[in-house]
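Student: Structure file data.txt, compact mmCIF, C-alpha atoms, is pasted below:
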# COMPACT_ATOMS: atom_id res chain seq x y z
CA MET A 1 0.00 0.00 0.00
CA SER A 2 1.45 3.31 -0.95
CA VAL A 3 0.85 6.16 1.39
CA GLN A 4 0.37 9.69 0.26
CA SER A 5 2.36 12.20 2.30
CA TYR A 6 0.58 14.72 4.46
CA ASN A 7 0.35 18.18 2.98
CA GLU A 8 1.94 21.15 4.72
CA ASP A 9 -1.22 22.08 6.64
CA GLN A 10 -1.81 18.52 7.86
CA THR A 11 1.80 18.24 9.00
CA ASP A 12 1.61 21.63 10.71
CA ALA A 13 -1.62 20.68 12.50
CA LEU A 14 -0.18 17.35 13.66
CA GLN A 15 2.96 19.10 14.86
CA GLU A 16 0.90 21.53 16.90
CA VAL A 17 -1.24 18.74 18.36
CA ALA A 18 1.99 16.90 19.27
CA ASN A 19 3.31 20.13 20.78
CA ILE A 20 0.27 20.53 23.04
CA ALA A 21 0.47 16.87 24.08
CA MET A 22 4.21 17.16 24.68
CA GLY A 23 3.60 20.09 27.03
CA GLN A 24 1.31 17.94 29.15
CA ALA A 25 3.74 15.02 29.14
CA GLY A 26 6.63 17.35 30.02
CA ASP A 27 4.67 18.73 32.95
CA SER A 28 3.98 15.22 34.27
CA LEU A 29 7.65 14.33 33.90
CA ALA A 30 8.77 17.55 35.62
CA ARG A 31 6.53 16.72 38.57
CA ILE A 32 7.91 13.24 39.17
CA LEU A 33 11.53 14.24 38.54
CA ASP A 34 11.12 17.46 40.48
CA ASN A 35 13.14 19.27 37.82
CA PHE A 36 12.49 21.59 34.92
CA VAL A 37 12.09 19.66 31.68
CA THR A 38 13.27 21.18 28.44
CA LEU A 39 11.03 20.51 25.45
CA SER A 40 11.94 20.54 21.78
CA VAL A 41 9.93 21.30 18.67
CA PRO A 42 8.17 18.03 17.70
CA ARG A 43 9.25 16.48 14.41
CA ILE A 44 6.97 14.67 12.01
CA ARG A 45 8.15 12.36 9.27
CA GLN A 46 6.79 9.56 7.12
CA ILE A 47 9.24 6.72 6.71
CA ALA A 48 9.59 3.15 5.55
CA VAL A 49 10.77 0.61 8.08
CA HIS A 50 14.16 0.16 6.38
CA GLU A 51 14.89 3.89 6.80
CA LEU A 52 14.01 3.86 10.46
CA ALA A 53 17.33 2.97 12.05
CA ASP A 54 19.19 5.71 10.16
CA THR A 55 16.48 8.31 10.77
CA VAL A 56 16.29 7.65 14.48
CA THR A 57 20.07 7.46 14.84
CA THR A 58 20.25 10.96 13.38
CA MET A 59 17.67 12.11 15.94
CA VAL A 60 19.03 10.37 19.02
CA GLY A 61 22.73 10.04 18.23
CA ASP A 62 24.63 6.76 18.45
CA GLU A 63 27.36 7.62 20.95
CA GLU A 64 25.80 5.51 23.64
CA ASP A 65 23.70 2.42 24.12
CA VAL A 66 20.04 2.88 24.82
CA SER A 67 17.23 1.33 26.81
CA ALA A 68 13.71 1.54 25.52
CA VAL A 69 10.11 0.90 26.46
CA ARG A 70 7.37 0.19 23.94
CA GLN A 71 3.61 0.47 24.19
CA ALA A 72 0.98 -0.26 21.59
CA PHE A 73 -2.04 2.00 21.18
CA TYR A 74 -5.36 1.21 19.58
CA ASN A 75 -8.95 2.29 18.91
CA SER A 76 -9.29 5.07 16.31
CA LEU A 77 -5.52 5.51 16.09
CA ARG A 78 -3.33 2.43 15.99
CA GLY A 79 0.37 2.16 16.33
CA GLU A 80 3.20 1.94 18.73
CA ALA A 81 4.97 4.40 20.97
CA ILE A 82 8.60 3.86 21.87
CA VAL A 83 10.41 5.82 24.56
CA ILE A 84 14.18 5.71 24.15
CA PHE A 85 16.46 6.54 27.06
CA THR A 86 20.15 7.10 26.45
CA GLN A 87 22.08 4.94 28.90
CA SER A 88 23.66 7.72 30.95
CA GLY A 89 20.21 9.28 31.30
CA ALA A 90 18.63 5.98 32.30
CA ASP A 91 21.37 5.50 34.89
CA GLU A 92 20.55 8.87 36.34
CA LEU A 93 16.83 8.25 36.53
CA ALA A 94 16.94 6.57 39.92
CA GLU A 95 18.83 9.49 41.39
CA LEU A 96 16.36 11.98 39.92
CA LEU A 97 13.50 9.97 41.34
CA GLY A 98 15.08 10.12 44.77
CA TYR A 99 16.34 6.54 45.14
CA ASP A 100 19.59 6.45 47.06
CA CYS A 101 20.03 2.71 47.41
CA GLU A 102 22.06 0.41 45.19
CA LEU A 103 19.87 -0.51 42.22
CA ASP A 104 19.38 -3.96 40.87
CA ALA A 105 18.34 -4.59 37.28
CA ALA A 106 14.72 -5.26 38.26
CA ILE A 107 14.28 -1.87 39.92
CA GLU A 108 15.97 -0.12 37.02
CA GLN A 109 13.58 -1.79 34.59
CA GLU A 110 10.63 -0.86 36.71
CA LEU A 111 11.66 2.81 36.69
CA LEU A 112 12.04 2.83 32.92
CA LEU A 113 8.62 1.24 32.50
CA GLU A 114 7.08 3.71 34.91
CA VAL A 115 8.53 6.79 33.23
CA GLY A 116 7.84 5.41 29.75
CA ASN A 117 4.24 4.72 30.68
CA LEU A 118 3.82 8.19 32.14
CA LEU A 119 5.12 9.89 28.98
CA VAL A 120 3.16 7.72 26.56
CA GLY A 121 -0.04 8.08 28.58
CA ALA A 122 0.30 11.86 28.71
CA ILE A 123 1.15 12.19 25.00
CA LEU A 124 -1.67 9.94 23.82
CA GLY A 125 -4.06 11.57 26.27
CA GLY A 126 -3.07 15.00 24.99
CA ILE A 127 -3.47 14.00 21.35
CA SER A 128 -6.83 12.32 21.83
CA ASP A 129 -8.16 15.23 23.93
CA THR A 130 -7.09 17.83 21.38
CA LEU A 131 -8.41 15.89 18.42
CA GLY A 132 -11.49 14.54 20.19
CA THR A 133 -10.68 10.89 19.45
CA GLU A 134 -10.48 7.81 21.63
CA VAL A 135 -7.14 6.12 22.13
CA GLY A 136 -6.43 3.20 24.42
CA PHE A 137 -3.02 1.76 25.16
CA SER A 138 -1.49 -1.49 26.31
CA ALA A 139 0.81 -2.02 29.28
CA PRO A 140 4.42 -1.01 28.60
CA SER A 141 7.09 -3.58 27.96
CA LEU A 142 10.84 -3.35 27.86
CA MET A 143 12.05 -3.30 24.26
CA ALA A 144 15.78 -3.02 24.80
CA GLU A 145 18.24 -2.68 27.60
CA ARG A 146 21.75 -1.34 27.10
CA THR A 147 21.56 -2.04 23.41
CA PRO A 148 23.07 -0.21 20.43
CA LEU A 149 20.30 1.80 18.78
CA HIS A 150 20.81 0.14 15.40
CA GLU A 151 20.18 -3.32 16.81
CA MET A 152 17.04 -2.24 18.57
CA LEU A 153 15.56 -0.75 15.44
CA ALA A 154 16.46 -3.54 13.04
CA PRO A 155 13.48 -4.08 10.73
CA ASP A 156 12.81 -7.59 12.09
CA GLN A 157 12.12 -6.03 15.50
CA LEU A 158 9.23 -4.04 14.14
CA SER A 159 5.80 -5.03 13.03
CA TRP A 160 5.07 -2.53 10.26
CA GLU A 161 6.35 -1.53 6.84
CA HIS A 162 5.60 2.13 6.56
CA ALA A 163 4.84 4.56 9.32
CA LEU A 164 4.28 8.07 10.43
CA LEU A 165 6.94 9.03 12.91
CA VAL A 166 6.25 11.70 15.51
CA GLU A 167 9.24 12.57 17.65
CA VAL A 168 9.28 14.60 20.85
CA ASN A 169 12.26 15.02 23.17
CA PHE A 170 12.55 15.67 26.86
CA SER A 171 15.72 16.60 28.68
CA VAL A 172 16.48 17.77 32.18
CA GLU A 173 18.69 20.78 32.67
CA LYS A 174 22.08 20.24 34.31
CA HIS A 175 21.50 16.49 34.13
CA ARG A 176 22.22 13.85 31.56
CA PHE A 177 18.67 12.52 31.54
CA LYS A 178 17.27 12.61 28.07
CA SER A 179 14.45 10.70 26.45
CA HIS A 180 13.02 10.57 22.99
CA LEU A 181 9.45 9.57 22.42
CA LEU A 182 8.66 8.17 19.00
CA MET A 183 5.20 7.32 17.80
CA PHE A 184 4.73 5.06 14.84
CA MET A 185 1.37 4.89 13.19
CA THR A 186 0.30 2.28 10.72
CA GLU A 187 -0.68 2.99 7.11
CA GLU A 188 -4.36 2.72 7.91
CA THR A 189 -3.99 5.13 10.80
CA ILE A 190 -2.11 7.59 8.61
CA GLU A 191 -5.29 7.85 6.51
CA THR A 192 -7.63 7.98 9.51
CA LEU A 193 -5.52 10.68 11.09
CA ARG A 194 -5.46 12.65 7.84
CA GLY A 195 -9.26 12.91 8.04
CA ILE A 196 -9.18 13.82 11.72
CA LEU A 197 -6.59 16.54 11.10
CA ASP A 198 -8.62 17.99 8.22
CA GLU A 199 -11.68 18.19 10.47
CA PHE A 200 -9.61 19.70 13.25
CA MET A 201 -8.37 22.43 10.89
CA ASP A 202 -11.90 23.10 9.66
CA ASP A 203 -12.72 24.24 13.17
CA PHE A 204 -10.39 27.22 12.78
CA MET B 1 -7.07 53.32 17.24
CA ALA B 2 -6.24 49.72 16.53
CA VAL B 3 -3.62 48.18 18.81
CA PRO B 4 -0.62 46.74 16.92
CA LEU B 5 -0.57 43.06 17.92
CA THR B 6 2.03 40.51 16.79
CA VAL B 7 1.21 36.82 17.10
CA VAL B 8 4.40 34.75 17.23
CA ASP B 9 4.29 31.00 16.63
CA ASP B 10 6.09 28.65 14.26
CA SER B 11 2.85 26.79 13.61
CA ARG B 12 0.42 28.35 11.18
CA ILE B 13 -2.55 26.49 12.67
CA SER B 14 -1.53 27.66 16.10
CA ARG B 15 -1.43 31.31 15.01
CA LYS B 16 -4.84 30.79 13.46
CA MET B 17 -6.15 29.29 16.71
CA VAL B 18 -4.88 32.31 18.65
CA ILE B 19 -6.30 34.82 16.17
CA ARG B 20 -9.69 33.05 16.17
CA ALA B 21 -9.70 33.17 19.96
CA LEU B 22 -9.22 36.97 20.14
CA PRO B 23 -12.23 38.70 21.68
CA SER B 24 -14.39 40.17 18.93
CA GLY B 25 -14.57 43.67 20.39
CA TRP B 26 -10.79 44.15 20.63
CA ASP B 27 -9.60 46.52 17.91
CA VAL B 28 -6.22 45.17 16.78
CA GLU B 29 -4.00 45.27 13.75
CA ILE B 30 -2.51 41.79 13.51
CA THR B 31 0.98 40.89 12.33
CA GLN B 32 2.11 37.27 12.26
CA ALA B 33 5.66 36.10 12.97
CA GLU B 34 7.05 32.58 12.59
CA ASN B 35 9.96 32.84 14.99
CA GLY B 36 11.67 35.12 17.47
CA GLU B 37 13.70 37.00 14.88
CA GLU B 38 10.58 37.90 12.94
CA ALA B 39 8.93 38.92 16.21
CA LEU B 40 11.73 41.34 17.06
CA ALA B 41 11.63 42.73 13.52
CA ALA B 42 7.88 43.29 13.90
CA TYR B 43 8.49 45.03 17.22
CA ARG B 44 11.11 47.33 15.66
CA ALA B 45 8.67 48.15 12.87
CA GLY B 46 6.19 49.34 15.50
CA LYS B 47 3.83 46.41 14.99
CA ALA B 48 3.96 44.89 18.46
CA ASP B 49 2.57 47.06 21.25
CA VAL B 50 1.18 43.71 22.35
CA MET B 51 2.92 40.41 21.57
CA PHE B 52 1.41 36.93 21.90
CA LEU B 53 4.49 34.75 22.10
CA ASP B 54 5.02 31.00 21.77
CA LEU B 55 8.03 29.48 23.55
CA THR B 56 9.16 26.44 21.59
CA MET B 57 10.22 27.68 18.16
CA PRO B 58 13.10 27.14 15.76
CA VAL B 59 15.59 29.92 14.84
CA MET B 60 14.92 31.98 17.98
CA ASP B 61 12.65 30.72 20.75
CA GLY B 62 10.35 32.66 23.03
CA TYR B 63 12.79 32.75 25.95
CA GLU B 64 15.39 34.40 23.73
CA VAL B 65 12.86 36.97 22.55
CA LEU B 66 12.04 37.87 26.15
CA ALA B 67 15.74 38.07 27.04
CA HIS B 68 16.33 40.43 24.09
CA LEU B 69 13.39 42.63 24.99
CA GLN B 70 14.57 42.80 28.59
CA LYS B 71 18.22 43.50 27.72
CA GLU B 72 17.32 46.31 25.37
CA SER B 73 14.59 47.64 27.72
CA LEU B 74 12.06 47.36 24.92
CA ASN B 75 8.51 48.21 25.76
CA THR B 76 5.89 45.75 24.63
CA PHE B 77 3.17 43.90 26.52
CA VAL B 78 4.08 40.22 26.16
CA VAL B 79 1.64 37.40 26.79
CA VAL B 80 3.24 33.97 26.50
CA ILE B 81 0.98 31.37 24.91
CA SER B 82 2.57 27.97 25.27
CA ALA B 83 1.94 24.26 25.56
CA ASP B 84 4.74 24.10 28.12
CA ILE B 85 2.56 24.19 31.22
CA GLN B 86 5.25 23.53 33.82
CA PRO B 87 4.86 26.00 36.71
CA GLU B 88 8.56 26.74 36.36
CA ALA B 89 8.13 27.74 32.70
CA GLN B 90 5.55 30.30 33.83
CA GLU B 91 7.85 31.62 36.55
CA ARG B 92 10.73 31.88 34.14
CA VAL B 93 8.86 33.86 31.51
CA LYS B 94 7.48 36.22 34.13
CA LYS B 95 10.99 36.83 35.45
CA LEU B 96 11.98 37.64 31.89
CA GLY B 97 9.29 40.29 31.71
CA ALA B 98 6.24 38.50 30.30
CA MET B 99 3.07 39.96 31.79
CA ALA B 100 0.94 36.83 31.56
CA PHE B 101 0.92 33.18 30.59
CA ILE B 102 -1.88 31.40 28.73
CA LYS B 103 -1.76 27.67 28.12
CA LYS B 104 -2.50 26.00 24.79
CA PRO B 105 -4.95 25.22 23.36
CA VAL B 106 -5.88 28.87 23.87
CA LYS B 107 -9.42 29.88 24.81
CA THR B 108 -11.07 33.27 24.33
CA GLU B 109 -12.00 33.49 28.02
CA ASN B 110 -8.33 33.16 29.00
CA ILE B 111 -7.30 35.98 26.66
CA VAL B 112 -10.17 38.15 27.89
CA ALA B 113 -9.16 37.56 31.52
CA VAL B 114 -5.62 38.82 30.84
CA LEU B 115 -6.71 41.80 28.76
CA GLU B 116 -9.26 42.82 31.39
CA GLU B 117 -6.79 42.41 34.23
CA TYR B 118 -4.45 44.92 32.59
CA GLY B 119 -7.16 47.23 31.31
CA LEU B 120 -6.45 46.55 27.65
CA ILE B 121 -10.11 46.04 26.83
Can I see the file as structure tokens?

Tutor:
Amino acid sequence: MSVQSYNEDQTDALQEVANIAMGQAGDSLARILDNFVTLSVPRIRQIAVHELADTVTTMVGDEEDVSAVRQAFYNSLRGEAIVIFTQSGADELAELLGYDCELDAAIEQELLLEVGNLLVGAILGGISDTLGTEVGFSAPSLMAERTPLHEMLAPDQLSWEHALLVEVNFSVEKHRFKSHLLMFMTEETIETLRGILDEFMDDF
Amino acid sequence: MAVPLTVVDDSRISRKMVIRALPSGWDVEITQAENGEEALAAYRAGKADVMFLDLTMPVMDGYEVLAHLQKESLNTFVVVISADIQPEAQERVKKLGAMAFIKKPVKTENIVAVLEEYGLI
């Protein structure tokens, strides 16, 4: 199935919807980390699965290994959200969350799942509120732990061919913590969302 | 006389949302700017007695605009309109001289509240 790209207005509207949702997710993150979270301009791109590793490497950088949490979403919009934590940032998470004990792998995983879930929930909630759609999401699962980014995003790790990529970044000032939230939407959802965005724009 | 108002946001739909949310009785002459540099240019051209300013933008963001305005003691009434709803973001922009903060998606009643508070309408 070939997918027609979004026009400039549709991309702009989606970027603004992502921006509003990112603000809500950033606020939730700031509250649990008790630190100011720096937000970036969301980026929207349509890509094929074989381009993914290169595209995301350009966004995230490949200097360090990453850990990542994935969560599927469904209902009117279907796809998958992946939260990528650079390793030094993941290592710092416990400290930011106020843990001062020695961490074992299980606790570290739990923290990543918790923060990933918080960000994905806030982003999807923000998007569905703004667009007036219903989105549900599954429980988070660990996708990778201390893994080179390229390995994690190898095409055989992913369940789709072509996707809409929405990227938002969160970082904490004076700390190494950094996470990238990527949303991948399936071809069918790209079309559904196109209609929703057109309606959304008609309201203004 | 119409008040020169500049609406600064990198997103066209977002500028449209802000402009649609302006109270109908407020007599303004609207200029649109896509980033901080354009906003400062609009100010220098006398088109921004009031500025509605987004924070997260490419080229020059809203914080930088506020810092410039403050450094050069420029006189414009800045209302930050942002999706960044962290309390600290609001504190920061107020320290940098913004008069008010309105969260996105913007609503007419929120704009009216600010304009009434400062006697602009």

Student: Around (-13.0, 39.6, 27.3) in the file's frame, which residues reach within 12 Å when counting all atoms listed in the file? Return as a list of chain:residue names?

Tutor: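 Answer for this query, in the requested form: B:Ala21, B:Leu22, B:Pro23, B:Ser24, B:Gly25, B:Trp26, B:Lys107, B:Thr108, B:Glu109, B:Asn110, B:Ile111, B:Val112, B:Ala113, B:Val114, B:Leu115, B:Glu116, B:Glu117, B:Tyr118, B:Gly119, B:Leu120, B:Ile121.
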
Student: Considering all atoms listed in the file, give me a table of residues in chain B that are at most 10 Å from chain A, with the closest atom pair and distance in Å for each, as JSON lines.

Tutor:
{"residue": "B:Asp10", "atom": "CA", "partner": "A:Asp12", "partner_atom": "CA", "distance": 9.1}
{"residue": "B:Ser11", "atom": "CA", "partner": "A:Asp12", "partner_atom": "CA", "distance": 6.0}
{"residue": "B:Arg12", "atom": "CA", "partner": "A:Asp12", "partner_atom": "CA", "distance": 6.8}
{"residue": "B:Ile13", "atom": "CA", "partner": "A:Ala13", "partner_atom": "CA", "distance": 5.9}
{"residue": "B:Ser14", "atom": "CA", "partner": "A:Glu16", "partner_atom": "CA", "distance": 6.6}
{"residue": "B:Lys16", "atom": "CA", "partner": "A:Phe204", "partner_atom": "CA", "distance": 6.6}
{"residue": "B:Met17", "atom": "CA", "partner": "A:Phe204", "partner_atom": "CA", "distance": 6.1}
{"residue": "B:Val18", "atom": "CA", "partner": "A:Phe204", "partner_atom": "CA", "distance": 9.5}
{"residue": "B:Ile19", "atom": "CA", "partner": "A:Phe204", "partner_atom": "CA", "distance": 9.3}
{"residue": "B:Arg20", "atom": "CA", "partner": "A:Phe204", "partner_atom": "CA", "distance": 6.8}
{"residue": "B:Ala21", "atom": "CA", "partner": "A:Phe204", "partner_atom": "CA", "distance": 9.4}
{"residue": "B:Leu55", "atom": "CA", "partner": "A:Leu39", "partner_atom": "CA", "distance": 9.6}
{"residue": "B:Thr56", "atom": "CA", "partner": "A:Val41", "partner_atom": "CA", "distance": 6.0}
{"residue": "B:Met57", "atom": "CA", "partner": "A:Val41", "partner_atom": "CA", "distance": 6.4}
{"residue": "B:Pro58", "atom": "CA", "partner": "A:Val41", "partner_atom": "CA", "distance": 7.3}
{"residue": "B:Ser82", "atom": "CA", "partner": "A:Ile20", "partner_atom": "CA", "distance": 8.1}
{"residue": "B:Ala83", "atom": "CA", "partner": "A:Gly23", "partner_atom": "CA", "distance": 4.7}
{"residue": "B:Asp84", "atom": "CA", "partner": "A:Gly23", "partner_atom": "CA", "distance": 4.3}
{"residue": "B:Ile85", "atom": "CA", "partner": "A:Gly23", "partner_atom": "CA", "distance": 6.0}
{"residue": "B:Gln86", "atom": "CA", "partner": "A:Asp27", "partner_atom": "CA", "distance": 4.9}
{"residue": "B:Pro87", "atom": "CA", "partner": "A:Asp27", "partner_atom": "CA", "distance": 8.2}
{"residue": "B:Glu88", "atom": "CA", "partner": "A:Phe36", "partner_atom": "CA", "distance": 6.6}
{"residue": "B:Ala89", "atom": "CA", "partner": "A:Phe36", "partner_atom": "CA", "distance": 7.9}
{"residue": "B:Lys103", "atom": "CA", "partner": "A:Ile20", "partner_atom": "CA", "distance": 9.0}
{"residue": "B:Lys104", "atom": "CA", "partner": "A:Ile20", "partner_atom": "CA", "distance": 6.4}
{"residue": "B:Pro105", "atom": "CA", "partner": "A:Ile20", "partner_atom": "CA", "distance": 7.0}

Student: What is the CA of Gly195 (chain A)-CA of Tyr6 (chain A) distance in Å, reported with one decimal?

Tutor: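 So the two atoms, CA of Gly195 (chain A) and CA of Tyr6 (chain A), lie 10.6 Å apart.
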
Student: Which residues are close to region 135-142 of chain A, i.e. within 6 Å by all atoms listed in the file, leaving aside same-chain residues fewer than 2 positions away? Reply as a PyMOL selection string.

Tutor: chain A and resi 69-75+144

Student: Hey, what's within 12 Å of Trp160 (chain A) if we count all atoms listed in the file and toss same-chain stuff fewer than 6 positions away? As an mmCIF file with C-alpha atoms, in the coordinates of the input, please?

Tutor:
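Final file, part_35.cif:
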data_model
loop_
_atom_site.group_PDB
_atom_site.id
_atom_site.type_symbol
_atom_site.label_atom_id
_atom_site.label_comp_id
_atom_site.auth_asym_id
_atom_site.auth_seq_id
_atom_site.Cartn_x
_atom_site.Cartn_y
_atom_site.Cartn_z
ATOM 1 C CA MET A 1 0.000 0.000 0.000
ATOM 2 C CA ILE A 47 9.240 6.720 6.710
ATOM 3 C CA ALA A 48 9.590 3.150 5.550
ATOM 4 C CA VAL A 49 10.770 0.610 8.080
ATOM 5 C CA HIS A 50 14.160 0.160 6.380
ATOM 6 C CA LEU A 52 14.010 3.860 10.460
ATOM 7 C CA ARG A 78 -3.330 2.430 15.990
ATOM 8 C CA GLY A 79 0.370 2.160 16.330
ATOM 9 C CA GLU A 80 3.200 1.940 18.730
ATOM 10 C CA LEU A 153 15.560 -0.750 15.440
ATOM 11 C CA ALA A 154 16.460 -3.540 13.040
ATOM 12 C CA PHE A 184 4.730 5.060 14.840
ATOM 13 C CA MET A 185 1.370 4.890 13.190
ATOM 14 C CA THR A 186 0.300 2.280 10.720
ATOM 15 C CA GLU A 187 -0.680 2.990 7.110
ATOM 16 C CA GLU A 188 -4.360 2.720 7.910
ATOM 17 C CA THR A 189 -3.990 5.130 10.800
#

Student: Which value, in Å to one decimal, gives the distance between CA of Leu103 (chain A) and CA of Arg146 (chain A)?

Tutor: 15.3 Å

Student: As an exercise, work out the distance from CA of Ser179 (chain A) to CA of Leu93 (chain A) in Å and give it to one decimal place.

Tutor: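 Value for the CA of Ser179 (chain A)-CA of Leu93 (chain A) distance: 10.6 Å.
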
Student: What lies within 8 Å of Ala68 (chain A) using only C-alpha atoms, ignoring chain neighbours under 2 positions off, as a PDB file with C-alpha atoms, in the frame of the given file?

Tutor:
ATOM      1  CA  VAL A  66      20.040   2.880  24.820  1.00  0.00           C
ATOM      2  CA  ARG A  70       7.370   0.190  23.940  1.00  0.00           C
ATOM      3  CA  ILE A  82       8.600   3.860  21.870  1.00  0.00           C
ATOM      4  CA  VAL A  83      10.410   5.820  24.560  1.00  0.00           C
ATOM      5  CA  ILE A  84      14.180   5.710  24.150  1.00  0.00           C
ATOM      6  CA  PHE A  85      16.460   6.540  27.060  1.00  0.00           C
ATOM      7  CA  LEU A 112      12.040   2.830  32.920  1.00  0.00           C
ATOM      8  CA  LEU A 142      10.840  -3.350  27.860  1.00  0.00           C
ATOM      9  CA  MET A 143      12.050  -3.300  24.260  1.00  0.00           C
ATOM     10  CA  ALA A 144      15.780  -3.020  24.800  1.00  0.00           C
ATOM     11  CA  GLU A 145      18.240  -2.680  27.600  1.00  0.00           C
TER      12      GLU A 145
END

Student: Taking 6 positions as the minimum chain separation for residues in the same chain, which residues sit within 10 Å of Glu151 (chain A) when counting all atoms listed in the file? Answer as a PDB file with C-alpha atoms, keeping the file's coordinate frame.

Tutor:
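Written output follows (out-v3.pdb):
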ATOM      1  CA  ALA A  53      17.330   2.970  12.050  1.00  0.00           C
ATOM      2  CA  ASP A  65      23.700   2.420  24.120  1.00  0.00           C
ATOM      3  CA  ALA A 144      15.780  -3.020  24.800  1.00  0.00           C
ATOM      4  CA  GLN A 157      12.120  -6.030  15.500  1.00  0.00           C
TER       5      GLN A 157
END

Student: Out of A:Thr133, A:Leu97, A:Leu182, A:Val3, which residue has the shortest atom-to-atom distance to Glu114 (chain A) when counting only C-alpha atoms?

Tutor: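 Among the listed residues, A:Leu97 lies closest to Glu114 (chain A).
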
Student: Is it possible to get the residues within 6 Å of (11.8, 13.4, 40.2) (coordinates as in the file, counting all atoms listed in the file) written as a ChimeraX atom specification?

Tutor: /A:32-34,96-97
